[in-house]
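What follows is a short report on a single structure.
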Amino acid sequence: MVVAAGCGSQAGHSSGAIDDGPALAATTTIDARYEPLPPGPATVLVVGDSVILGAKTQVPDALAGWKVTFDAKESRGIQAGISLLEARKGPSPRVVVIHLCTNWAEHDYAEQIDKTMAQLEGADRVVWVTCEPWRDEVVEADADIAAAVDRYPNLVMADWAALADKPGYSYSDHLHLRTPGAVALAALVAEKVGPAPTP
C-alpha cells in the first residue's frame with residue numbers, strides 16, 4: 001500500500017508573486033506484512049521447542065479469534081521442525097509461527113530458514129521468533145533471522161532475544177519461561193501475527 005500526501009501552490013497570487021511550481025507529493029510505502037490479513041481462514045500453526053512450550057497456554061489465549069494448532073517439543077531443533085512441516089497434510093495455515101533456534105549449534109541457519117520457507121509457500125505470514133542468545137551459534141541464528149526479513153516478503157521477525165533477559169521472565173537457566181515470560185512471549189507473538197481476519 002502506498003500513502004501519498006502533498007500540498008500545492010495557492011490558486012491565486014498577487015502581482016509579482018513567485019509561483020512555487022507544481023505540488024510536491026510525499027509517498028510512504030506501508031509494508032503489507034504488518035497489515036491485518038484479508039478475509040479468510042483464521043488458522044495459525046505454532047512450531048517450536050521447549051522455550052515456547054512454556055507458553056503453551058498463554059500463546060493460544062493471546063491469539064484471540066484464531067484457530068491455533070500448537071506443536072512444541074523439548075529439544076526440538078530446526079531440522080526436526082522442517083521434517084514436521086514436510087509431513088503435514090491438508091490446507092496450509094494462514095500464519096505459521098516458528099521458534100526453533102534455542103538448540104542450534106551449527107553455522108548454516110540461513111540455509112535452514114530457506115528450507116523451512118520452501119515448505120511454507122502457501123502461508124500468508126510466517127512469524128519467526130528469535131531466541132535468547134545463550135551461545136555464539138544462537139547469536140548467528142538470530143542474525144540470520146533478521147536478514148531473512150529482506151529475502152521473504154511474508155516473513156516477520158518477533159525479536160524475543162531483545163526481551164528475554166528481563167528479570168523474572170525465565171528460570172535460572174535464562175532460557176525457559178516463568179509465567180511473566182510466557183505472558184510476554186505470547187503478547188509478542190500475538191502482536192506479530194496480528195488480528196484474526198474475518199471469515
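Just remember, in the C-alpha cells the first chain shown is A, the second B, etc., residues are 1-based per chain, and ligands are 1-based in the order shown.
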
Pull the strand (DSSP E or B) assignments for stretch 53-126 of chain A out of DSSP run on the backbone, and list those residues as a PyMOL selection string.
chain A and resi 67-72+95-99+125-126

Saved selection, atoms kept: N, CA and C atoms, as an mmCIF file, in the first residue's frame:
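Output saved as part.cif:
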```cif
data_model
loop_
_atom_site.group_PDB
_atom_site.id
_atom_site.type_symbol
_atom_site.label_atom_id
_atom_site.label_comp_id
_atom_site.auth_asym_id
_atom_site.auth_seq_id
_atom_site.Cartn_x
_atom_site.Cartn_y
_atom_site.Cartn_z
ATOM 1 N N LYS A 67 -7.770 -19.888 15.175
ATOM 2 C CA LYS A 67 -7.770 -21.317 15.447
ATOM 3 C C LYS A 67 -6.312 -21.754 15.467
ATOM 4 N N VAL A 68 -5.827 -22.099 16.661
ATOM 5 C CA VAL A 68 -4.393 -22.318 16.859
ATOM 6 C C VAL A 68 -4.083 -23.814 16.970
ATOM 7 N N THR A 69 -3.121 -24.259 16.193
ATOM 8 C CA THR A 69 -2.514 -25.580 16.363
ATOM 9 C C THR A 69 -1.135 -25.360 16.963
ATOM 10 N N PHE A 70 -0.927 -25.889 18.158
ATOM 11 C CA PHE A 70 0.310 -25.623 18.903
ATOM 12 C C PHE A 70 1.115 -26.907 18.980
ATOM 13 N N ASP A 71 2.311 -26.896 18.390
ATOM 14 C CA ASP A 71 3.147 -28.092 18.337
ATOM 15 C C ASP A 71 4.571 -27.718 18.750
ATOM 16 N N ALA A 72 4.849 -27.858 20.036
ATOM 17 C CA ALA A 72 6.179 -27.573 20.559
ATOM 18 C C ALA A 72 6.665 -28.779 21.340
ATOM 19 N N VAL A 95 -1.113 -18.486 8.895
ATOM 20 C CA VAL A 95 0.059 -17.964 9.601
ATOM 21 C C VAL A 95 0.797 -19.125 10.255
ATOM 22 N N VAL A 96 2.116 -19.092 10.172
ATOM 23 C CA VAL A 96 2.951 -20.073 10.866
ATOM 24 C C VAL A 96 3.924 -19.311 11.762
ATOM 25 N N VAL A 97 3.998 -19.743 13.010
ATOM 26 C CA VAL A 97 4.941 -19.174 13.974
ATOM 27 C C VAL A 97 6.044 -20.199 14.211
ATOM 28 N N ILE A 98 7.295 -19.782 14.045
ATOM 29 C CA ILE A 98 8.448 -20.663 14.195
ATOM 30 C C ILE A 98 9.315 -20.175 15.353
ATOM 31 N N HIS A 99 9.577 -21.054 16.304
ATOM 32 C CA HIS A 99 10.535 -20.748 17.375
ATOM 33 C C HIS A 99 11.455 -21.963 17.525
ATOM 34 N N ARG A 125 1.663 -15.472 6.138
ATOM 35 C CA ARG A 125 2.609 -14.800 7.033
ATOM 36 C C ARG A 125 3.361 -15.857 7.835
ATOM 37 N N VAL A 126 4.664 -15.658 7.944
ATOM 38 C CA VAL A 126 5.496 -16.513 8.799
ATOM 39 C C VAL A 126 6.125 -15.614 9.853
#
```

Taking only C-alpha atoms into account, name the residue in A:Glu111, A:Ala146, A:Asp124, A:Ser75 that is nearest to A:Pro36.
A:Asp124

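Residues in contact range of A:Tyr109, defined as at most 9 Å between only C-alpha atoms, with sequence neighbours fewer than 4 positions away removed, read Ile78, Cys101, Trp104, Ile113, Asp114, Glu137, Glu140, Ala141, Asp142, Asp144 and Ile145 of chain A.
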
Filtering to N, CA and C atoms, could you give me those residues as a CSV table (one decimal), in the first residue's frame?
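Saved file part.csv follows:
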```csv
chain,number,residue,atom,x,y,z
A,78,ILE,N,15.7,-27.1,14.4
A,78,ILE,CA,15.1,-26.7,13.2
A,78,ILE,C,15.0,-27.8,12.2
A,101,CYS,N,15.3,-22.0,17.4
A,101,CYS,CA,16.8,-21.7,17.4
A,101,CYS,C,17.5,-21.9,18.7
A,104,TRP,N,20.1,-24.6,18.5
A,104,TRP,CA,21.0,-24.5,17.3
A,104,TRP,C,22.5,-24.5,17.7
A,113,ILE,N,16.6,-21.7,7.3
A,113,ILE,CA,15.4,-20.8,7.1
A,113,ILE,C,14.9,-21.0,5.7
A,114,ASP,N,15.8,-21.1,4.7
A,114,ASP,CA,15.3,-21.2,3.3
A,114,ASP,C,14.6,-22.5,3.1
A,137,GLU,N,26.4,-19.7,18.4
A,137,GLU,CA,25.6,-20.2,17.3
A,137,GLU,C,24.2,-19.6,17.3
A,140,GLU,N,24.3,-16.1,15.9
A,140,GLU,CA,24.3,-16.1,14.5
A,140,GLU,C,23.0,-16.5,13.9
A,141,ALA,N,22.3,-17.4,14.5
A,141,ALA,CA,20.9,-17.7,14.0
A,141,ALA,C,20.0,-16.6,14.1
A,142,ASP,N,20.0,-15.8,15.2
A,142,ASP,CA,19.2,-14.6,15.4
A,142,ASP,C,19.5,-13.6,14.3
A,144,ASP,N,20.7,-14.3,11.3
A,144,ASP,CA,20.2,-14.9,10.1
A,144,ASP,C,18.6,-14.7,10.0
A,145,ILE,N,17.9,-14.7,11.1
A,145,ILE,CA,16.5,-14.5,11.0
A,145,ILE,C,16.2,-13.0,10.6
```

So which bits of chain A end up helix (DSSP H, G or I) when you DSSP the backbone, as a ChimeraX atom specification?
/A:32-34,50-53,58-62,78-87,109-119,136-151,160-162,179-193

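The space between atom CA of A:Leu45 and atom CA of A:Asp165 spans 26.0 Å.
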
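Of the listed residues A:Val44, A:Ala164, A:Glu86, A:Val138, the one whose atoms come nearest to A:Leu188 is A:Ala164, with distances taken using only C-alpha atoms.
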
Write out as a list in words which residues come within 8 Å of A:Gly181 when counting only C-alpha atoms, dropping same-chain ones fewer than 4 positions away.
Ala164, Gly168, Tyr169, Ser170, Leu177 and Leu185 of chain A

Let's have the selection written as a PDB file, in the first residue's frame, with C-alpha atoms.
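Contents of again.pdb, freshly written:
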```pdb
ATOM      1  CA  ALA A 164      14.177 -12.438  27.057  1.00  0.00           C
ATOM      2  CA  GLY A 168      11.630 -12.592  36.216  1.00  0.00           C
ATOM      3  CA  TYR A 169      10.971 -13.842  32.681  1.00  0.00           C
ATOM      4  CA  SER A 170      12.971 -17.073  32.926  1.00  0.00           C
ATOM      5  CA  LEU A 177       9.936 -19.362  30.920  1.00  0.00           C
ATOM      6  CA  LEU A 185       6.329 -14.049  24.687  1.00  0.00           C
TER       7      LEU A 185
END
```
